[in-house]
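Novice: Would you mind keeping the following structure in view while I ask a few things?
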Amino acid sequence: MKQAVIGAGVAVWLALAGQALAQAQADAPRQVVVELFTSQGCSSCPPADALLREIAADPRVLALSLHVDYWDYLGWVDDLAQPAFTMRQKAYAYAAGARAIYTPQLIVAGMSAMNGADRGEVLASLAAHSAAPAQVHLWVSHGPGGWLIEALAEPPLSEGTVVQIVRYRPEIVVSIARGENAGRQATYANVVTDWVTVAEWDGHAPLQLEALVSGPDRAAVIVQSLRKSGKYSTLPGPILAAARLD
């Protein structure tokens, strides 16, 4: 159910970073990315959905709801779910050596996985990742051809990254008629509608990327470590930087 199209005119070029750009990137507010894997058909998910709505109000946090489809057989089909989000959760599990996936699972900064309803652990993880030094400085601005995305790694990265654009809707209210949550009206925050890779970046030379983003959904850019795998073509690693495109 993709609601937005990333424009085809995406250009990537590398250049030497000037002092002004480096300072602007260093001063930009840091965003900690939170991914909640959830489902309308999961009876354990409403407390995690409520917690995500709460932390989504913090401007330092990019909190995202990714709906998965593997509970649809319980009697209610989640119309916000996408198979790609189930695959993303499986890739995280494979990278961590986990044997199973579940909801509600929350992953902070692409690194720390936990039960999304465990308020204490979630807030502690957010605090820890917020205090960690940034490896990548990310800066976004309007350019003549759309959004100008610039990144600088200090020191240079030891592994490559992917630059991704995420589209999401700030709030969706769903009346659930059947399944484990039958009769419940659920409110979801920052529901992801699309997640695409627009470039790869080696993390050595500074990055400049121009991207045209169309459609009504909100958008954010995420720089995430890229890890090769035999089973999956790539595995999601730590999220090094993120910024809203608004």
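Residues are named by chain letter and number: chains run A, B, ... in the order of the structure tokens, numbers start at 1 in each chain, and ligands are numbered from 1 in the order shown.
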If DSSP is run on the backbone, what residues of stretch 79-218 of chain A are strand (DSSP E)? A reply as a ChimeraX atom specification would be ideal.
Specialist: /A:105-108,112-115,136-143,146-153,161-175,185-201,207-211,218
Novice: Excluding same-chain residues fewer than 2 positions from stretch 127-130 of chain A, what lies within 8 Å of it counting only C-alpha atoms, as a VMD selection string?
Specialist: chain A and resid 30 to 32 108 to 109 123 to 125 132
Novice: So that I have them on file, write out the residues from the current selection with all heavy atoms, as a PDB file, in the first residue's frame.
Specialist:
```
ATOM      1  N   ARG A  30      20.392  15.711  16.881  1.00  0.00           N
ATOM      2  CA  ARG A  30      20.493  14.302  16.562  1.00  0.00           C
ATOM      3  C   ARG A  30      19.152  13.605  16.755  1.00  0.00           C
ATOM      4  O   ARG A  30      18.425  13.899  17.703  1.00  0.00           O
ATOM      5  CB  ARG A  30      21.554  13.644  17.443  1.00  0.00           C
ATOM      6  CG  ARG A  30      21.851  12.218  17.027  1.00  0.00           C
ATOM      7  CD  ARG A  30      22.909  11.603  17.894  1.00  0.00           C
ATOM      8  NE  ARG A  30      23.174  10.239  17.486  1.00  0.00           N
ATOM      9  CZ  ARG A  30      23.799   9.352  18.244  1.00  0.00           C
ATOM     10  NH1 ARG A  30      24.234   9.715  19.426  1.00  0.00           N
ATOM     11  NH2 ARG A  30      24.001   8.133  17.818  1.00  0.00           N
ATOM     12  N   GLN A  31      18.819  12.685  15.860  1.00  0.00           N
ATOM     13  CA  GLN A  31      17.588  11.926  15.935  1.00  0.00           C
ATOM     14  C   GLN A  31      17.912  10.466  16.245  1.00  0.00           C
ATOM     15  O   GLN A  31      18.755   9.855  15.588  1.00  0.00           O
ATOM     16  CB  GLN A  31      16.848  11.983  14.588  1.00  0.00           C
ATOM     17  CG  GLN A  31      16.437  13.368  14.152  1.00  0.00           C
ATOM     18  CD  GLN A  31      15.098  13.763  14.743  1.00  0.00           C
ATOM     19  OE1 GLN A  31      14.079  13.152  14.472  1.00  0.00           O
ATOM     20  NE2 GLN A  31      15.112  14.790  15.566  1.00  0.00           N
ATOM     21  N   VAL A  32      17.240   9.896  17.247  1.00  0.00           N
ATOM     22  CA  VAL A  32      17.356   8.475  17.541  1.00  0.00           C
ATOM     23  C   VAL A  32      16.162   7.777  16.893  1.00  0.00           C
ATOM     24  O   VAL A  32      15.009   8.140  17.152  1.00  0.00           O
ATOM     25  CB  VAL A  32      17.374   8.209  19.052  1.00  0.00           C
ATOM     26  CG1 VAL A  32      17.441   6.706  19.328  1.00  0.00           C
ATOM     27  CG2 VAL A  32      18.555   8.912  19.691  1.00  0.00           C
ATOM     28  N   VAL A 108      15.927   0.048  18.788  1.00  0.00           N
ATOM     29  CA  VAL A 108      16.427   1.421  18.920  1.00  0.00           C
ATOM     30  C   VAL A 108      17.744   1.537  18.164  1.00  0.00           C
ATOM     31  O   VAL A 108      18.671   0.751  18.377  1.00  0.00           O
ATOM     32  CB  VAL A 108      16.636   1.794  20.397  1.00  0.00           C
ATOM     33  CG1 VAL A 108      17.165   3.226  20.515  1.00  0.00           C
ATOM     34  CG2 VAL A 108      15.333   1.646  21.180  1.00  0.00           C
ATOM     35  N   ALA A 109      17.806   2.517  17.265  1.00  0.00           N
ATOM     36  CA  ALA A 109      19.023   2.848  16.522  1.00  0.00           C
ATOM     37  C   ALA A 109      19.564   1.667  15.719  1.00  0.00           C
ATOM     38  O   ALA A 109      20.755   1.598  15.433  1.00  0.00           O
ATOM     39  CB  ALA A 109      20.102   3.386  17.455  1.00  0.00           C
ATOM     40  N   LEU A 123      12.839   3.459  27.609  1.00  0.00           N
ATOM     41  CA  LEU A 123      13.320   4.796  27.949  1.00  0.00           C
ATOM     42  C   LEU A 123      14.809   4.789  28.286  1.00  0.00           C
ATOM     43  O   LEU A 123      15.540   5.725  27.938  1.00  0.00           O
ATOM     44  CB  LEU A 123      12.508   5.367  29.108  1.00  0.00           C
ATOM     45  CG  LEU A 123      11.020   5.617  28.824  1.00  0.00           C
ATOM     46  CD1 LEU A 123      10.337   6.236  30.033  1.00  0.00           C
ATOM     47  CD2 LEU A 123      10.813   6.478  27.581  1.00  0.00           C
ATOM     48  N   ALA A 124      15.271   3.729  28.929  1.00  0.00           N
ATOM     49  CA  ALA A 124      16.694   3.637  29.253  1.00  0.00           C
ATOM     50  C   ALA A 124      17.523   3.507  27.983  1.00  0.00           C
ATOM     51  O   ALA A 124      18.599   4.120  27.861  1.00  0.00           O
ATOM     52  CB  ALA A 124      16.944   2.448  30.176  1.00  0.00           C
ATOM     53  N   SER A 125      17.037   2.725  27.035  1.00  0.00           N
ATOM     54  CA  SER A 125      17.762   2.568  25.775  1.00  0.00           C
ATOM     55  C   SER A 125      17.795   3.872  24.992  1.00  0.00           C
ATOM     56  O   SER A 125      18.831   4.238  24.420  1.00  0.00           O
ATOM     57  CB  SER A 125      17.115   1.462  24.937  1.00  0.00           C
ATOM     58  OG  SER A 125      17.829   1.253  23.742  1.00  0.00           O
ATOM     59  N   ALA A 132      25.101   8.819  23.259  1.00  0.00           N
ATOM     60  CA  ALA A 132      26.268   8.292  22.547  1.00  0.00           C
ATOM     61  C   ALA A 132      26.760   9.299  21.509  1.00  0.00           C
ATOM     62  O   ALA A 132      25.956  10.002  20.882  1.00  0.00           O
ATOM     63  CB  ALA A 132      25.921   6.976  21.873  1.00  0.00           C
TER      64      ALA A 132
END
```
Novice: So which residues touch A:Ala151 within 8 Å, counting only C-alpha atoms, skipping near sequence neighbours fewer than 3 positions away, as a list in words?
Specialist: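 In the requested form, the answer reads Gln25, Val136, His137, Leu138, Trp139, Pro206, Leu207 and Gln208 of chain A.
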Novice: Give me a file of those residues, with C-alpha atoms, as a PDB file, in the first residue's frame.
Specialist:
```
ATOM      1  CA  GLN A  25      26.158  19.115  10.364  1.00  0.00           C
ATOM      2  CA  VAL A 136      27.747  10.585  11.136  1.00  0.00           C
ATOM      3  CA  HIS A 137      26.614  14.206  10.903  1.00  0.00           C
ATOM      4  CA  LEU A 138      23.552  14.635   8.690  1.00  0.00           C
ATOM      5  CA  TRP A 139      22.120  17.846   7.299  1.00  0.00           C
ATOM      6  CA  PRO A 206      31.472  13.460   2.271  1.00  0.00           C
ATOM      7  CA  LEU A 207      28.091  12.676   0.717  1.00  0.00           C
ATOM      8  CA  GLN A 208      25.736  14.949  -1.174  1.00  0.00           C
TER       9      GLN A 208
END
```
Novice: Determine the nearest neighbour of A:Val77 from the options A:Asp118, A:Glu150, A:Glu54, A:Glu180, counting only C-alpha atoms.
Specialist: A:Glu180
Novice: List the spatial neighbours of A:Gly75 as JSON, numbers by chain - criterion: any atom at most 7 Å away, only C-alpha atoms, same-chain residues fewer than 2 positions off excluded.
Specialist: {"A": [72, 73, 77, 178, 179]}
Novice: Any idea what's packed within 8 Å of stretch 84-96 of chain A, counting only C-alpha atoms, ignoring anything in its chain fewer than 2 positions away? Could you give it as JSON, numbers by chain?
Specialist: {"A": [37, 66, 67, 68, 69, 70, 81, 82, 98, 99, 100, 101, 232, 235, 236, 237]}
Novice: Could the residues in this selection be saved with C-alpha atoms as a PDB file, in the first residue's frame?
Specialist:
```
ATOM      1  CA  PHE A  37       7.127  -3.976  14.799  1.00  0.00           C
ATOM      2  CA  LEU A  66       6.060  -0.921  11.058  1.00  0.00           C
ATOM      3  CA  HIS A  67       3.057  -3.230  10.748  1.00  0.00           C
ATOM      4  CA  VAL A  68       3.782  -6.890  10.007  1.00  0.00           C
ATOM      5  CA  ASP A  69       1.515  -9.439   8.362  1.00  0.00           C
ATOM      6  CA  TYR A  70       2.226 -12.732  10.130  1.00  0.00           C
ATOM      7  CA  ALA A  81       1.005  -4.295   7.137  1.00  0.00           C
ATOM      8  CA  GLN A  82       3.526  -4.907   4.396  1.00  0.00           C
ATOM      9  CA  ALA A  98      17.798 -14.732  16.992  1.00  0.00           C
ATOM     10  CA  ARG A  99      15.659 -17.718  16.052  1.00  0.00           C
ATOM     11  CA  ALA A 100      12.245 -16.071  16.150  1.00  0.00           C
ATOM     12  CA  ILE A 101      10.448 -12.793  15.661  1.00  0.00           C
ATOM     13  CA  TYR A 232      19.931 -11.893   2.762  1.00  0.00           C
ATOM     14  CA  LEU A 235      21.483  -6.956   6.666  1.00  0.00           C
ATOM     15  CA  PRO A 236      20.411  -3.879   8.627  1.00  0.00           C
ATOM     16  CA  GLY A 237      23.097  -2.635  10.976  1.00  0.00           C
TER      17      GLY A 237
END
```
Novice: So which one's closest to A:Ser112, A:Arg218, A:Ile165, A:Pro238, A:Val191? Using only C-alpha atoms, please.
Specialist: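 Counting only C-alpha atoms, the residue closest to A:Ser112 is A:Pro238.
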Novice: Which of these residues is nearest to A:Leu36, using only C-alpha atoms: A:Val163, A:Ala56, A:Ile107, A:Val192?
Specialist: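 Result for the nearest residue to A:Leu36: A:Ile107.
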Novice: Atom CA of A:Ile222 to atom CA of A:Val162: how many Å, to one decimal?
Specialist: 8.1 Å
Novice: For A:Val122, which residue among A:Thr38, A:Thr197, A:Gln135, A:Gln105 is the nearest when counting only C-alpha atoms?
Specialist: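 Once distances to A:Val122 are computed over only C-alpha atoms, the minimum belongs to A:Gln105.
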Novice: Pick the closest to A:Ile172 from A:Val33, A:Ala63, A:Ile149, A:Ala189: which is it, counting only C-alpha atoms?
Specialist: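 Of the candidates, the smallest distance to A:Ile172 is held by A:Ala189.
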Novice: Extract the full set of alpha helix (DSSP H) residues from chain A according to DSSP on the backbone, and format it as a short mmCIF file (atom, residue, chain, number, x, y, z; two decimals) with all heavy atoms, in the first residue's frame.
Specialist:
```cif
data_model
loop_
_atom_site.label_atom_id
_atom_site.label_comp_id
_atom_site.auth_asym_id
_atom_site.auth_seq_id
_atom_site.Cartn_x
_atom_site.Cartn_y
_atom_site.Cartn_z
N GLN A 19 34.33 23.90 5.73
CA GLN A 19 34.23 24.08 7.17
C GLN A 19 32.81 24.46 7.59
O GLN A 19 32.30 23.99 8.62
CB GLN A 19 35.20 25.16 7.64
CG GLN A 19 35.23 25.36 9.14
CD GLN A 19 35.69 24.11 9.88
OE1 GLN A 19 36.58 23.42 9.41
NE2 GLN A 19 35.06 23.82 11.01
N ALA A 20 32.14 25.29 6.81
CA ALA A 20 30.79 25.71 7.16
C ALA A 20 29.82 24.54 7.17
O ALA A 20 28.97 24.41 8.06
CB ALA A 20 30.30 26.78 6.18
N LEU A 21 29.93 23.66 6.16
CA LEU A 21 29.05 22.50 6.09
C LEU A 21 29.31 21.57 7.27
O LEU A 21 28.38 21.09 7.91
CB LEU A 21 29.26 21.74 4.78
CG LEU A 21 28.53 20.38 4.67
CD1 LEU A 21 27.04 20.57 4.80
CD2 LEU A 21 28.88 19.71 3.35
N ALA A 22 30.57 21.33 7.57
CA ALA A 22 30.91 20.44 8.68
C ALA A 22 30.34 20.97 9.99
O ALA A 22 29.81 20.21 10.80
CB ALA A 22 32.42 20.28 8.78
N GLN A 23 30.43 22.29 10.20
CA GLN A 23 29.91 22.87 11.43
C GLN A 23 28.40 22.76 11.49
O GLN A 23 27.82 22.46 12.54
CB GLN A 23 30.32 24.34 11.53
CG GLN A 23 29.95 24.99 12.86
CD GLN A 23 30.61 24.30 14.03
OE1 GLN A 23 31.81 24.05 14.02
NE2 GLN A 23 29.83 23.97 15.04
N ALA A 24 27.72 23.00 10.34
CA ALA A 24 26.27 22.90 10.31
C ALA A 24 25.81 21.49 10.63
O ALA A 24 24.83 21.27 11.35
CB ALA A 24 25.74 23.33 8.94
N GLN A 25 26.51 20.50 10.10
CA GLN A 25 26.16 19.11 10.36
C GLN A 25 26.41 18.76 11.82
O GLN A 25 25.64 18.04 12.45
CB GLN A 25 26.95 18.19 9.44
CG GLN A 25 26.51 18.31 7.99
CD GLN A 25 27.46 17.62 7.04
OE1 GLN A 25 28.67 17.64 7.24
NE2 GLN A 25 26.92 17.04 6.00
N ALA A 26 27.51 19.25 12.36
CA ALA A 26 27.84 18.94 13.75
C ALA A 26 26.82 19.54 14.71
O ALA A 26 26.54 18.98 15.77
CB ALA A 26 29.24 19.45 14.07
N ASP A 27 26.24 20.69 14.34
CA ASP A 27 25.30 21.38 15.22
C ASP A 27 23.87 20.90 15.06
O ASP A 27 23.01 21.26 15.85
CB ASP A 27 25.34 22.89 14.95
CG ASP A 27 26.68 23.49 15.38
OD1 ASP A 27 27.40 22.84 16.16
OD2 ASP A 27 26.99 24.60 14.92
N PRO A 46 -1.17 -3.20 21.97
CA PRO A 46 -1.69 -1.87 22.33
C PRO A 46 -0.84 -1.09 23.32
O PRO A 46 -0.64 0.12 23.13
CB PRO A 46 -3.10 -2.17 22.85
CG PRO A 46 -3.52 -3.36 22.04
CD PRO A 46 -2.27 -4.19 21.92
N PRO A 47 -0.30 -1.69 24.41
CA PRO A 47 0.55 -0.89 25.30
C PRO A 47 1.80 -0.35 24.61
O PRO A 47 2.24 0.77 24.88
CB PRO A 47 0.91 -1.87 26.42
CG PRO A 47 -0.18 -2.89 26.41
CD PRO A 47 -0.54 -3.05 24.96
N ALA A 48 2.38 -1.16 23.70
CA ALA A 48 3.57 -0.70 22.96
C ALA A 48 3.20 0.40 21.98
O ALA A 48 3.96 1.37 21.80
CB ALA A 48 4.20 -1.88 22.23
N ASP A 49 2.03 0.28 21.35
CA ASP A 49 1.58 1.33 20.43
C ASP A 49 1.39 2.65 21.19
O ASP A 49 1.73 3.72 20.68
CB ASP A 49 0.26 0.92 19.75
CG ASP A 49 0.41 -0.34 18.90
OD1 ASP A 49 1.46 -0.49 18.25
OD2 ASP A 49 -0.53 -1.15 18.89
N ALA A 50 0.84 2.56 22.40
CA ALA A 50 0.63 3.76 23.21
C ALA A 50 1.96 4.38 23.62
O ALA A 50 2.12 5.61 23.60
CB ALA A 50 -0.20 3.42 24.45
N LEU A 51 2.93 3.55 23.98
CA LEU A 51 4.25 4.07 24.35
C LEU A 51 4.92 4.73 23.15
O LEU A 51 5.57 5.78 23.30
CB LEU A 51 5.11 2.94 24.91
CG LEU A 51 6.53 3.33 25.34
CD1 LEU A 51 6.52 4.45 26.37
CD2 LEU A 51 7.27 2.10 25.89
N LEU A 52 4.76 4.14 21.98
CA LEU A 52 5.37 4.75 20.80
C LEU A 52 4.74 6.11 20.52
O LEU A 52 5.45 7.05 20.14
CB LEU A 52 5.21 3.83 19.58
CG LEU A 52 6.06 4.31 18.39
CD1 LEU A 52 7.48 3.77 18.49
CD2 LEU A 52 5.45 3.93 17.06
N ARG A 53 3.44 6.23 20.69
CA ARG A 53 2.79 7.53 20.50
C ARG A 53 3.39 8.57 21.45
O ARG A 53 3.58 9.73 21.10
CB ARG A 53 1.28 7.44 20.72
CG ARG A 53 0.54 6.63 19.69
CD ARG A 53 -0.96 6.96 19.67
NE ARG A 53 -1.58 6.84 20.97
CZ ARG A 53 -2.08 5.72 21.49
NH1 ARG A 53 -1.99 4.59 20.79
NH2 ARG A 53 -2.66 5.71 22.67
N GLU A 54 3.68 8.14 22.65
CA GLU A 54 4.25 9.05 23.65
C GLU A 54 5.65 9.51 23.25
O GLU A 54 5.95 10.72 23.27
CB GLU A 54 4.29 8.35 25.00
CG GLU A 54 4.87 9.19 26.11
CD GLU A 54 4.94 8.44 27.44
OE1 GLU A 54 4.17 7.49 27.63
OE2 GLU A 54 5.79 8.82 28.28
N ILE A 55 6.51 8.58 22.90
CA ILE A 55 7.89 8.98 22.59
C ILE A 55 7.98 9.66 21.23
O ILE A 55 8.94 10.40 20.97
CB ILE A 55 8.86 7.78 22.68
CG1 ILE A 55 8.52 6.72 21.64
CG2 ILE A 55 8.85 7.19 24.07
CD1 ILE A 55 9.48 5.54 21.64
N ALA A 56 6.98 9.46 20.37
CA ALA A 56 6.99 10.12 19.06
C ALA A 56 6.85 11.63 19.20
O ALA A 56 7.20 12.38 18.28
CB ALA A 56 5.87 9.57 18.18
N PRO A 83 4.55 -7.01 3.64
CA PRO A 83 5.52 -8.10 3.74
C PRO A 83 6.95 -7.61 3.88
O PRO A 83 7.77 -8.26 4.54
CB PRO A 83 5.31 -8.87 2.44
CG PRO A 83 3.91 -8.56 2.02
CD PRO A 83 3.66 -7.15 2.47
N ALA A 84 7.26 -6.45 3.30
CA ALA A 84 8.62 -5.92 3.39
C ALA A 84 9.01 -5.61 4.83
O ALA A 84 10.18 -5.73 5.20
CB ALA A 84 8.75 -4.66 2.53
N PHE A 85 8.04 -5.24 5.66
CA PHE A 85 8.36 -4.93 7.05
C PHE A 85 8.60 -6.22 7.84
O PHE A 85 9.44 -6.24 8.75
CB PHE A 85 7.25 -4.10 7.68
CG PHE A 85 6.97 -2.80 6.96
CD1 PHE A 85 5.73 -2.20 7.01
CD2 PHE A 85 7.97 -2.19 6.20
CE1 PHE A 85 5.48 -1.00 6.35
CE2 PHE A 85 7.73 -0.99 5.52
CZ PHE A 85 6.47 -0.40 5.60
N THR A 86 7.85 -7.27 7.49
CA THR A 86 8.14 -8.58 8.10
C THR A 86 9.54 -9.03 7.73
O THR A 86 10.29 -9.53 8.58
CB THR A 86 7.11 -9.61 7.64
OG1 THR A 86 5.79 -9.19 8.03
CG2 THR A 86 7.38 -10.98 8.24
N MET A 87 9.92 -8.83 6.47
CA MET A 87 11.27 -9.22 6.03
C MET A 87 12.33 -8.38 6.73
O MET A 87 13.41 -8.89 7.07
CB MET A 87 11.39 -9.08 4.51
CG MET A 87 10.56 -10.09 3.74
SD MET A 87 11.01 -11.80 4.14
CE MET A 87 12.72 -11.83 3.60
N ARG A 88 12.04 -7.12 6.97
CA ARG A 88 13.01 -6.27 7.67
C ARG A 88 13.21 -6.78 9.09
O ARG A 88 14.35 -6.86 9.59
CB ARG A 88 12.53 -4.81 7.68
CG ARG A 88 13.51 -3.85 8.38
CD ARG A 88 13.10 -2.41 8.18
NE ARG A 88 13.98 -1.50 8.91
CZ ARG A 88 15.15 -1.06 8.48
NH1 ARG A 88 15.60 -1.45 7.30
NH2 ARG A 88 15.88 -0.24 9.20
N GLN A 89 12.12 -7.15 9.76
CA GLN A 89 12.25 -7.68 11.12
C GLN A 89 13.01 -9.00 11.11
O GLN A 89 13.84 -9.26 11.99
CB GLN A 89 10.87 -7.87 11.74
CG GLN A 89 10.95 -8.23 13.22
CD GLN A 89 9.60 -8.49 13.85
OE1 GLN A 89 8.61 -8.76 13.15
NE2 GLN A 89 9.52 -8.41 15.17
N LYS A 90 12.76 -9.85 10.12
CA LYS A 90 13.49 -11.12 10.02
C LYS A 90 14.98 -10.87 9.79
O LYS A 90 15.82 -11.60 10.32
CB LYS A 90 12.91 -11.97 8.89
CG LYS A 90 11.55 -12.58 9.20
CD LYS A 90 11.06 -13.45 8.04
CE LYS A 90 9.75 -14.13 8.37
NZ LYS A 90 9.25 -14.96 7.25
N ALA A 91 15.30 -9.86 8.99
CA ALA A 91 16.71 -9.55 8.73
C ALA A 91 17.40 -9.08 10.00
O ALA A 91 18.55 -9.44 10.27
CB ALA A 91 16.82 -8.49 7.64
N TYR A 92 16.71 -8.27 10.82
CA TYR A 92 17.27 -7.87 12.11
C TYR A 92 17.53 -9.10 12.97
O TYR A 92 18.57 -9.21 13.63
CB TYR A 92 16.30 -6.94 12.84
CG TYR A 92 16.49 -5.46 12.57
CD1 TYR A 92 15.43 -4.66 12.14
CD2 TYR A 92 17.72 -4.84 12.77
CE1 TYR A 92 15.58 -3.30 11.92
CE2 TYR A 92 17.89 -3.48 12.55
CZ TYR A 92 16.81 -2.71 12.12
OH TYR A 92 16.98 -1.37 11.90
N ALA A 93 16.56 -10.03 13.00
CA ALA A 93 16.71 -11.23 13.81
C ALA A 93 17.89 -12.07 13.33
O ALA A 93 18.67 -12.58 14.13
CB ALA A 93 15.41 -12.04 13.77
N TYR A 94 18.01 -12.20 12.02
CA TYR A 94 19.11 -12.99 11.45
C TYR A 94 20.46 -12.36 11.81
O TYR A 94 21.41 -13.06 12.17
CB TYR A 94 18.94 -13.08 9.94
CG TYR A 94 19.91 -14.00 9.25
CD1 TYR A 94 19.70 -15.38 9.22
CD2 TYR A 94 21.04 -13.51 8.62
CE1 TYR A 94 20.59 -16.24 8.59
CE2 TYR A 94 21.94 -14.35 7.98
CZ TYR A 94 21.70 -15.71 7.97
OH TYR A 94 22.59 -16.54 7.34
N ALA A 95 20.53 -11.04 11.72
CA ALA A 95 21.77 -10.34 12.05
C ALA A 95 22.15 -10.53 13.52
O ALA A 95 23.33 -10.59 13.86
CB ALA A 95 21.64 -8.86 11.72
N ALA A 96 21.14 -10.63 14.39
CA ALA A 96 21.39 -10.76 15.82
C ALA A 96 21.53 -12.22 16.26
O ALA A 96 21.81 -12.48 17.44
CB ALA A 96 20.25 -10.12 16.61
N ARG A 119 8.33 -0.22 29.27
CA ARG A 119 8.58 1.21 29.33
C ARG A 119 9.97 1.54 29.88
O ARG A 119 10.70 2.36 29.32
CB ARG A 119 7.51 1.88 30.19
CG ARG A 119 7.65 3.38 30.33
CD ARG A 119 6.61 3.96 31.28
NE ARG A 119 6.72 5.40 31.33
CZ ARG A 119 6.11 6.23 30.51
NH1 ARG A 119 5.35 5.74 29.55
NH2 ARG A 119 6.26 7.55 30.62
N GLY A 120 10.34 0.89 30.97
CA GLY A 120 11.63 1.18 31.58
C GLY A 120 12.79 0.88 30.66
O GLY A 120 13.71 1.71 30.53
N GLU A 121 12.77 -0.27 30.01
CA GLU A 121 13.87 -0.63 29.12
C GLU A 121 13.90 0.28 27.89
O GLU A 121 14.98 0.69 27.44
CB GLU A 121 13.75 -2.09 28.69
CG GLU A 121 14.95 -2.57 27.88
CD GLU A 121 14.92 -4.04 27.54
OE1 GLU A 121 13.88 -4.69 27.80
OE2 GLU A 121 15.94 -4.54 27.02
N VAL A 122 12.72 0.61 27.37
CA VAL A 122 12.67 1.48 26.19
C VAL A 122 13.25 2.85 26.50
O VAL A 122 14.10 3.38 25.76
CB VAL A 122 11.22 1.60 25.68
CG1 VAL A 122 11.12 2.69 24.62
CG2 VAL A 122 10.73 0.27 25.10
N LEU A 123 12.84 3.46 27.61
CA LEU A 123 13.32 4.80 27.95
C LEU A 123 14.81 4.79 28.29
O LEU A 123 15.54 5.72 27.94
CB LEU A 123 12.51 5.37 29.11
CG LEU A 123 11.02 5.62 28.82
CD1 LEU A 123 10.34 6.24 30.03
CD2 LEU A 123 10.81 6.48 27.58
N ALA A 124 15.27 3.73 28.93
CA ALA A 124 16.69 3.64 29.25
C ALA A 124 17.52 3.51 27.98
O ALA A 124 18.60 4.12 27.86
CB ALA A 124 16.94 2.45 30.18
N SER A 125 17.04 2.73 27.04
CA SER A 125 17.76 2.57 25.78
C SER A 125 17.80 3.87 24.99
O SER A 125 18.83 4.24 24.42
CB SER A 125 17.11 1.46 24.94
OG SER A 125 17.83 1.25 23.74
N LEU A 126 16.68 4.59 24.99
CA LEU A 126 16.65 5.89 24.32
C LEU A 126 17.66 6.85 24.94
O LEU A 126 18.38 7.56 24.23
CB LEU A 126 15.25 6.49 24.40
CG LEU A 126 14.23 6.02 23.38
CD1 LEU A 126 12.86 6.59 23.70
CD2 LEU A 126 14.65 6.42 21.97
N ALA A 127 17.72 6.87 26.24
CA ALA A 127 18.66 7.77 26.93
C ALA A 127 20.10 7.41 26.58
O ALA A 127 20.93 8.29 26.33
CB ALA A 127 18.43 7.70 28.43
N ALA A 128 20.40 6.11 26.55
CA ALA A 128 21.76 5.68 26.25
C ALA A 128 22.17 6.03 24.84
O ALA A 128 23.28 6.54 24.59
CB ALA A 128 21.88 4.18 26.48
N HIS A 129 21.28 5.79 23.88
CA HIS A 129 21.62 6.08 22.48
C HIS A 129 21.66 7.58 22.22
O HIS A 129 22.44 8.06 21.39
CB HIS A 129 20.64 5.39 21.54
CG HIS A 129 20.89 3.91 21.41
ND1 HIS A 129 21.92 3.41 20.65
CD2 HIS A 129 20.26 2.85 21.95
CE1 HIS A 129 21.90 2.08 20.71
NE2 HIS A 129 20.90 1.71 21.50
N SER A 130 20.84 8.35 22.93
CA SER A 130 20.86 9.81 22.76
C SER A 130 22.18 10.39 23.25
O SER A 130 22.67 11.39 22.70
CB SER A 130 19.70 10.44 23.52
OG SER A 130 18.46 10.04 22.98
N ALA A 131 22.75 9.78 24.28
CA ALA A 131 23.99 10.29 24.86
C ALA A 131 25.24 9.83 24.12
O ALA A 131 26.31 10.40 24.32
CB ALA A 131 24.08 9.86 26.32
#
```
Novice: For each of A:Pro155, A:Pro104, A:Pro216, A:Pro170, take the minimum atom-to-atom distance to A:Trp71, counting only C-alpha atoms, then give the residue where this is smallest.
Specialist: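 Residue with the minimum atom-to-atom distance to A:Trp71: A:Pro104.
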Novice: Rounded to one decimal in Å, what is the spacing between atom CA of A:Pro156 and atom CA of A:Ala242?
Specialist: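 Spanning atom CA of A:Pro156 to atom CA of A:Ala242 is a straight-line distance of 17.5 Å.
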Novice: Would you work out the distance separating atom CA of A:Pro59 from atom CA of A:Asp217, expressed in Å to one decimal?
Specialist: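 Here the two named atoms are 17.9 Å from each other.
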